[in-house]
>>> print(open('model19.cif').read())   # mmCIF, C-alpha atoms and all ligand atoms
data_entry
#
loop_
_atom_site.label_atom_id
_atom_site.label_comp_id
_atom_site.auth_asym_id
_atom_site.auth_seq_id
_atom_site.Cartn_x
_atom_site.Cartn_y
_atom_site.Cartn_z
CA MET A 1 171.36 82.68 123.69
CA LEU A 2 168.45 82.37 121.33
CA SER A 3 168.56 79.92 118.47
CA LYS A 4 167.83 81.16 114.98
CA GLU A 5 164.38 79.54 115.02
CA GLN A 6 163.63 81.00 118.43
CA SER A 7 164.50 84.51 117.38
CA GLU A 8 162.46 84.15 114.21
CA GLU A 9 159.48 82.94 116.23
CA ILE A 10 159.89 85.74 118.76
CA LYS A 11 160.14 88.31 116.00
CA LYS A 12 157.00 86.92 114.44
CA GLN A 13 155.17 87.23 117.77
CA LEU A 14 156.50 90.72 118.34
CA LEU A 15 155.44 91.91 114.91
CA LEU A 16 151.95 90.58 115.52
CA GLN A 17 151.82 92.41 118.83
CA VAL A 18 153.12 95.63 117.32
CA ASP A 19 150.34 95.45 114.76
CA LYS A 20 147.83 95.72 117.58
CA LEU A 21 149.46 98.77 119.12
CA PRO A 22 147.79 102.11 118.71
CA GLN A 23 151.14 103.79 117.99
CA GLU A 24 151.57 105.73 114.80
CA ASN A 25 155.18 104.69 114.30
CA LYS A 26 154.25 101.01 114.05
CA GLU A 27 155.88 100.55 110.66
CA GLN A 28 159.13 101.96 111.98
CA ILE A 29 159.05 99.65 114.99
CA LYS A 30 158.29 96.69 112.76
CA LYS A 31 161.17 97.50 110.44
CA TYR A 32 163.46 97.88 113.43
CA ILE A 33 162.43 94.55 114.92
CA SER A 34 162.80 92.61 111.69
CA LYS A 35 166.37 93.82 111.25
CA LEU A 36 167.56 92.72 114.69
CA ASN A 37 169.95 89.79 114.96
CA GLY A 38 169.72 87.28 117.79
CA GLU A 39 171.88 89.22 120.21
CA GLN A 40 170.25 92.56 119.46
CA LEU A 41 166.86 90.95 119.85
CA GLU A 42 167.74 89.66 123.30
CA GLU A 43 168.96 93.11 124.23
CA PHE A 44 165.76 94.65 122.85
CA LEU A 45 163.62 92.27 124.91
CA LYS A 46 165.62 93.06 128.04
CA GLN A 47 165.40 96.80 127.51
CA ASN A 48 161.66 96.66 127.01
CA LYS A 49 161.20 94.18 129.86
CA ILE A 50 159.42 91.81 127.52
CA GLN A 51 159.10 88.25 128.65
CA ILE A 52 158.76 85.83 125.82
CA GLN A 53 156.77 82.69 126.35
CA GLN A 54 158.57 79.77 124.84
CA PRO A 55 156.69 79.02 121.65
CA GLY A 56 154.23 76.22 122.16
CA VAL A 57 154.14 76.48 125.94
CA THR A 58 151.30 78.92 126.31
CA GLU A 59 148.96 79.46 123.48
CA GLY A 60 147.82 82.95 122.76
CA ALA A 61 149.85 84.53 125.53
CA ALA A 62 150.65 88.12 124.83
CA PRO A 63 154.41 88.53 124.98
CA LEU A 64 154.20 92.29 125.19
CA ALA A 65 151.97 92.25 128.25
CA LYS A 66 153.79 94.14 130.94
CA GLU A 67 153.26 93.23 134.55
CA THR A 68 151.69 96.56 135.24
CA GLN A 69 149.05 96.11 132.58
CA CYS A 70 145.76 95.11 134.15
CA ILE A 71 143.90 92.38 132.31
CA PHE A 72 140.48 93.76 133.28
CA CYS A 73 141.36 97.25 132.11
CA SER A 74 142.45 95.70 128.81
CA ILE A 75 139.14 93.87 128.52
CA ILE A 76 137.22 97.07 129.25
CA LYS A 77 139.21 98.91 126.59
CA ASN A 78 138.42 96.09 124.17
CA GLN A 79 142.11 95.27 123.79
CA ILE A 80 141.32 91.73 124.86
CA PRO A 81 138.22 90.08 123.45
CA SER A 82 135.52 89.03 125.90
CA ASN A 83 131.96 87.76 125.93
CA LYS A 84 130.06 90.77 127.17
CA ILE A 85 126.52 90.16 128.38
CA ALA A 86 125.50 93.50 129.87
CA GLU A 87 126.77 96.90 130.87
CA ASN A 88 125.85 100.12 132.57
CA LYS A 89 127.59 103.43 133.07
CA LYS A 90 130.07 102.21 135.68
CA SER A 91 130.55 98.53 134.91
CA ILE A 92 130.40 95.73 132.38
CA ALA A 93 129.39 92.09 132.77
CA ILE A 94 131.29 89.38 130.92
CA LEU A 95 131.41 85.60 130.97
CA GLU A 96 134.32 84.04 132.85
CA ILE A 97 136.39 82.04 130.35
CA ASN A 98 137.50 79.64 133.07
CA PRO A 99 134.15 79.28 134.81
CA LEU A 100 133.53 77.43 138.06
CA SER A 101 130.14 76.52 136.70
CA LYS A 102 127.93 77.17 133.70
CA GLY A 103 127.10 80.86 133.52
CA HIS A 104 129.83 82.06 135.90
CA SER A 105 130.00 85.78 135.13
CA LEU A 106 132.22 88.66 136.13
CA ILE A 107 131.17 92.24 136.75
CA LEU A 108 134.08 94.59 136.08
CA PRO A 109 133.94 98.13 137.40
CA ILE A 110 135.09 100.28 134.49
CA GLU A 111 137.38 102.22 136.77
CA HIS A 112 140.47 100.38 138.08
CA THR A 113 139.47 100.31 141.73
CA THR A 114 139.65 98.42 145.03
CA ILE A 115 136.97 96.19 146.56
CA GLU A 116 136.02 98.94 149.03
CA LYS A 117 135.31 101.30 146.18
CA ILE A 118 133.23 99.09 143.94
CA PRO A 119 130.56 101.41 142.53
CA ARG A 120 126.99 100.59 143.45
CA GLN A 121 126.11 100.39 139.76
CA ALA A 122 128.41 97.37 139.55
CA LEU A 123 126.52 95.75 142.41
CA SER A 124 123.19 96.42 140.77
CA LEU A 125 124.50 94.94 137.54
CA ALA A 126 125.54 91.85 139.52
CA GLN A 127 122.01 91.60 140.84
CA LYS A 128 120.57 91.94 137.37
CA ILE A 129 122.84 89.19 136.05
CA THR A 130 121.94 86.98 139.02
CA LYS A 131 118.27 87.32 138.13
CA LYS A 132 118.97 86.59 134.50
CA ILE A 133 121.00 83.48 135.35
CA LYS A 134 118.23 82.27 137.64
CA THR A 135 115.58 82.51 134.98
CA LYS A 136 117.63 81.31 132.03
CA LEU A 137 119.84 78.62 133.55
CA LYS A 138 117.75 77.54 136.55
CA PRO A 139 120.56 76.89 139.01
CA GLU A 140 119.87 75.86 142.58
CA ASP A 141 121.54 78.97 143.89
CA VAL A 142 123.62 81.93 142.73
CA LYS A 143 126.39 83.39 144.86
CA ILE A 144 127.94 86.81 144.56
CA GLU A 145 131.56 87.20 145.61
CA THR A 146 133.96 90.08 145.30
CA SER A 147 137.61 89.55 144.54
CA SER A 148 140.51 91.51 143.22
CA PHE A 149 143.13 90.72 140.62
CA GLN A 150 146.09 92.95 139.79
CA GLY A 151 144.46 95.54 142.02
CA HIS A 152 141.24 95.63 140.01
CA ALA A 153 138.19 94.66 142.04
CA ILE A 154 135.59 92.46 140.37
CA ILE A 155 132.34 90.78 141.31
CA ASN A 156 131.90 87.09 140.61
CA VAL A 157 128.39 85.83 139.96
CA ILE A 158 128.54 82.07 140.38
CA PRO A 159 125.60 79.77 139.79
CA PHE A 160 125.44 76.48 141.69
CA TYR A 161 123.68 73.49 140.24
CA LYS A 162 122.25 70.49 141.99
CA ASP A 163 124.70 67.56 142.03
CA VAL A 164 127.32 69.50 140.05
CA PRO A 165 130.25 70.56 142.23
CA PRO A 166 131.85 73.81 141.01
CA LYS A 167 135.09 73.18 139.18
CA LYS A 168 137.24 75.67 137.32
CA GLU A 169 137.40 74.59 133.73
CA LYS A 170 138.10 76.38 130.47
CA ALA A 171 134.91 76.90 128.51
CA SER A 172 134.93 76.45 124.76
CA GLU A 173 134.29 79.45 122.57
CA GLN A 174 131.17 77.71 121.32
CA GLU A 175 129.80 77.19 124.82
CA LEU A 176 130.56 80.81 125.72
CA GLN A 177 128.78 82.13 122.66
CA LYS A 178 125.76 79.99 123.41
CA LEU A 179 125.62 81.31 126.96
CA GLN A 180 126.23 84.85 125.77
CA SER A 181 123.20 84.78 123.52
CA LYS A 182 121.14 83.36 126.38
CA LEU A 183 122.20 85.87 129.00
CA GLU A 184 122.83 88.94 126.89
CA THR A 185 120.73 91.99 127.52
CA LYS A 186 119.89 93.30 124.14
CA LYS A 187 119.34 96.97 123.65
CA LYS A 188 115.64 97.46 123.85
CA ALA A 189 114.10 98.27 120.53
CA PRO A 190 111.09 100.53 120.66
CA LYS A 191 108.03 98.40 120.94
CA THR A 192 105.77 98.43 117.97
CA ILE A 193 102.23 97.79 118.81
CA ARG A 194 100.35 96.03 116.14
CA VAL A 195 96.68 96.54 116.17
CA LYS A 196 94.81 93.75 114.61
CA LYS A 197 92.06 94.86 112.42
CA ILE A 198 88.87 93.79 113.91
CA SER A 199 86.74 92.47 111.18
CA LYS A 200 83.91 91.33 113.26
CA LEU A 201 83.06 91.95 116.84
CA PRO A 202 82.63 88.84 118.88
CA GLU A 203 79.07 87.97 119.43
CA VAL A 204 78.04 88.39 122.96
CA SER A 205 74.74 87.26 124.08
CA PHE A 206 73.27 88.52 127.24
CA ARG A 207 70.68 86.72 129.02
CA ILE A 208 68.24 88.87 130.68
CA PRO A 209 66.36 87.07 133.25
ZN ZN A 301 142.34 97.45 135.95
#
>>> encode(input="model19.cif", output="structure tokens", more="lines below")
Ligand SMILES: [Zn+2]
Amino acid sequence: MLSKEQSEEIKKQLLLQVDKLPQENKEQIKKYISKLNGEQLEEFLKQNKIQIQQPGVTEGAAPLAKETQCIFCSIIKNQIPSNKIAENKKSIAILEINPLSKGHSLILPIEHTTIEKIPRQALSLAQKITKKIKTKLKPEDVKIETSSFQGHAIINVIPFYKDVPPKKEKASEQELQKLQSKLETKKKAPKTIRVKKISKLPEVSFRIP
């Protein structure tokens, strides 16, 4: 049985989540949720298969996330914020928020797909990011590994640094933003060629023997 505080907290979380939903009947859902009493709320959670994180246990966990919802698909659809550094038609590259090392990046095929079916554009993006990491971060080596999570194949691009053993650690938002600006591929602006006005031609003297 939920305590009064618990149900209030859960309702608060739910309302926040509902706000992010694309549904048109949001207001109706919100009204419905706010009127539920403790018992009804529990029933509502059960019916919708919503697992509530105990407040304070996990920060920022999405209580409405269903098991079937793929985190990478959500990132691709911009439902979950990420630090994107590059993209092409079939894939995007983002920074891993729990990197093994500085610059650890993930290439996500846009289509929810298995390792065997990773599009070659995703592999070429991985290569591009590898090059970028090499020039900007100067690691000793960069490894490319494929893995799959919730059935969505991804490519890990992991730099290795001398004397720094890889260790999974949460990166701060600040650190991620710094890396993002370093590794980001900016859309190329058309080059403007500035022609300097030549006021005086350099003097060239020839010596004729
Ligand atoms: Zn997916």
>>> closest_residue(input="model19.cif", among="A:Asn25, A:Ser181, A:Gln40, A:Gln6", to="Leu95 in chain A", atoms="only C-alpha atoms")
A:Ser181
>>> closest_atom_pairs(input="model19.cif", of="chain A", to="ligand ZN 301 (chain A)", cutoff="9 Å", atoms="only C-alpha atoms and all ligand atoms", output="Markdown table")
| residue | atom | partner | partner_atom | distance |
| --- | --- | --- | --- | --- |
| A:Gln69 | CA | A:ZN301 | ZN | 7.6 |
| A:Cys70 | CA | A:ZN301 | ZN | 4.5 |
| A:Ile71 | CA | A:ZN301 | ZN | 6.4 |
| A:Phe72 | CA | A:ZN301 | ZN | 4.9 |
| A:Cys73 | CA | A:ZN301 | ZN | 4.0 |
| A:Ser74 | CA | A:ZN301 | ZN | 7.4 |
| A:Ile75 | CA | A:ZN301 | ZN | 8.8 |
| A:Ile76 | CA | A:ZN301 | ZN | 8.4 |
| A:Leu108 | CA | A:ZN301 | ZN | 8.7 |
| A:Pro109 | CA | A:ZN301 | ZN | 8.6 |
| A:Ile110 | CA | A:ZN301 | ZN | 7.9 |
| A:Glu111 | CA | A:ZN301 | ZN | 6.9 |
| A:His112 | CA | A:ZN301 | ZN | 4.1 |
| A:Thr113 | CA | A:ZN301 | ZN | 7.1 |
| A:Phe149 | CA | A:ZN301 | ZN | 8.2 |
| A:Gln150 | CA | A:ZN301 | ZN | 7.0 |
| A:Gly151 | CA | A:ZN301 | ZN | 6.7 |
| A:His152 | CA | A:ZN301 | ZN | 4.6 |
| A:Ala153 | CA | A:ZN301 | ZN | 7.9 |
>>> atom_distance(input="model19.cif", atom1="CA of Glu169 in chain A", atom2="CA of Thr114 in chain A")
26.5 Å
>>> atom_distance(input="model19.cif", atom1="CA of Lys20 in chain A", atom2="CA of Glu43 in chain A")
22.3 Å
>>> atom_distance(input="model19.cif", atom1="CA of Ile97 in chain A", atom2="CA of Ala171 in chain A")
5.7 Å
>>> residues_around(input="model19.cif", residues="Pro165 in chain A", least_positions_apart="3", cutoff="10 Å", atoms="all atoms listed in the file", output="list in words")
Leu100, Ser101, Phe160, Tyr161, Lys162 and Lys168 of chain A
>>> axis_aligned_box(input="model19.cif", around="range 119-125 of chain A", padding_each_side="4 Å", output="JSON")
{"center_x": 126.9, "center_y": 98.2, "center_z": 140.5, "size_x": 15.4, "size_y": 14.5, "size_z": 13.9}
>>> residues_around(input="model19.cif", residues="range 119-133 of chain A", least_positions_apart="2", cutoff="12 Å", atoms="only C-alpha atoms", output="ChimeraX atom specification")
/A:84-95,101-117,135-146,153-161,179-185
>>> residues_near_point(input="model19.cif", point="(142.7, 100.6, 117.4)", cutoff="10 Å", atoms="all atoms listed in the file", output="number ranges by chain")
A: 19-23, 77-79
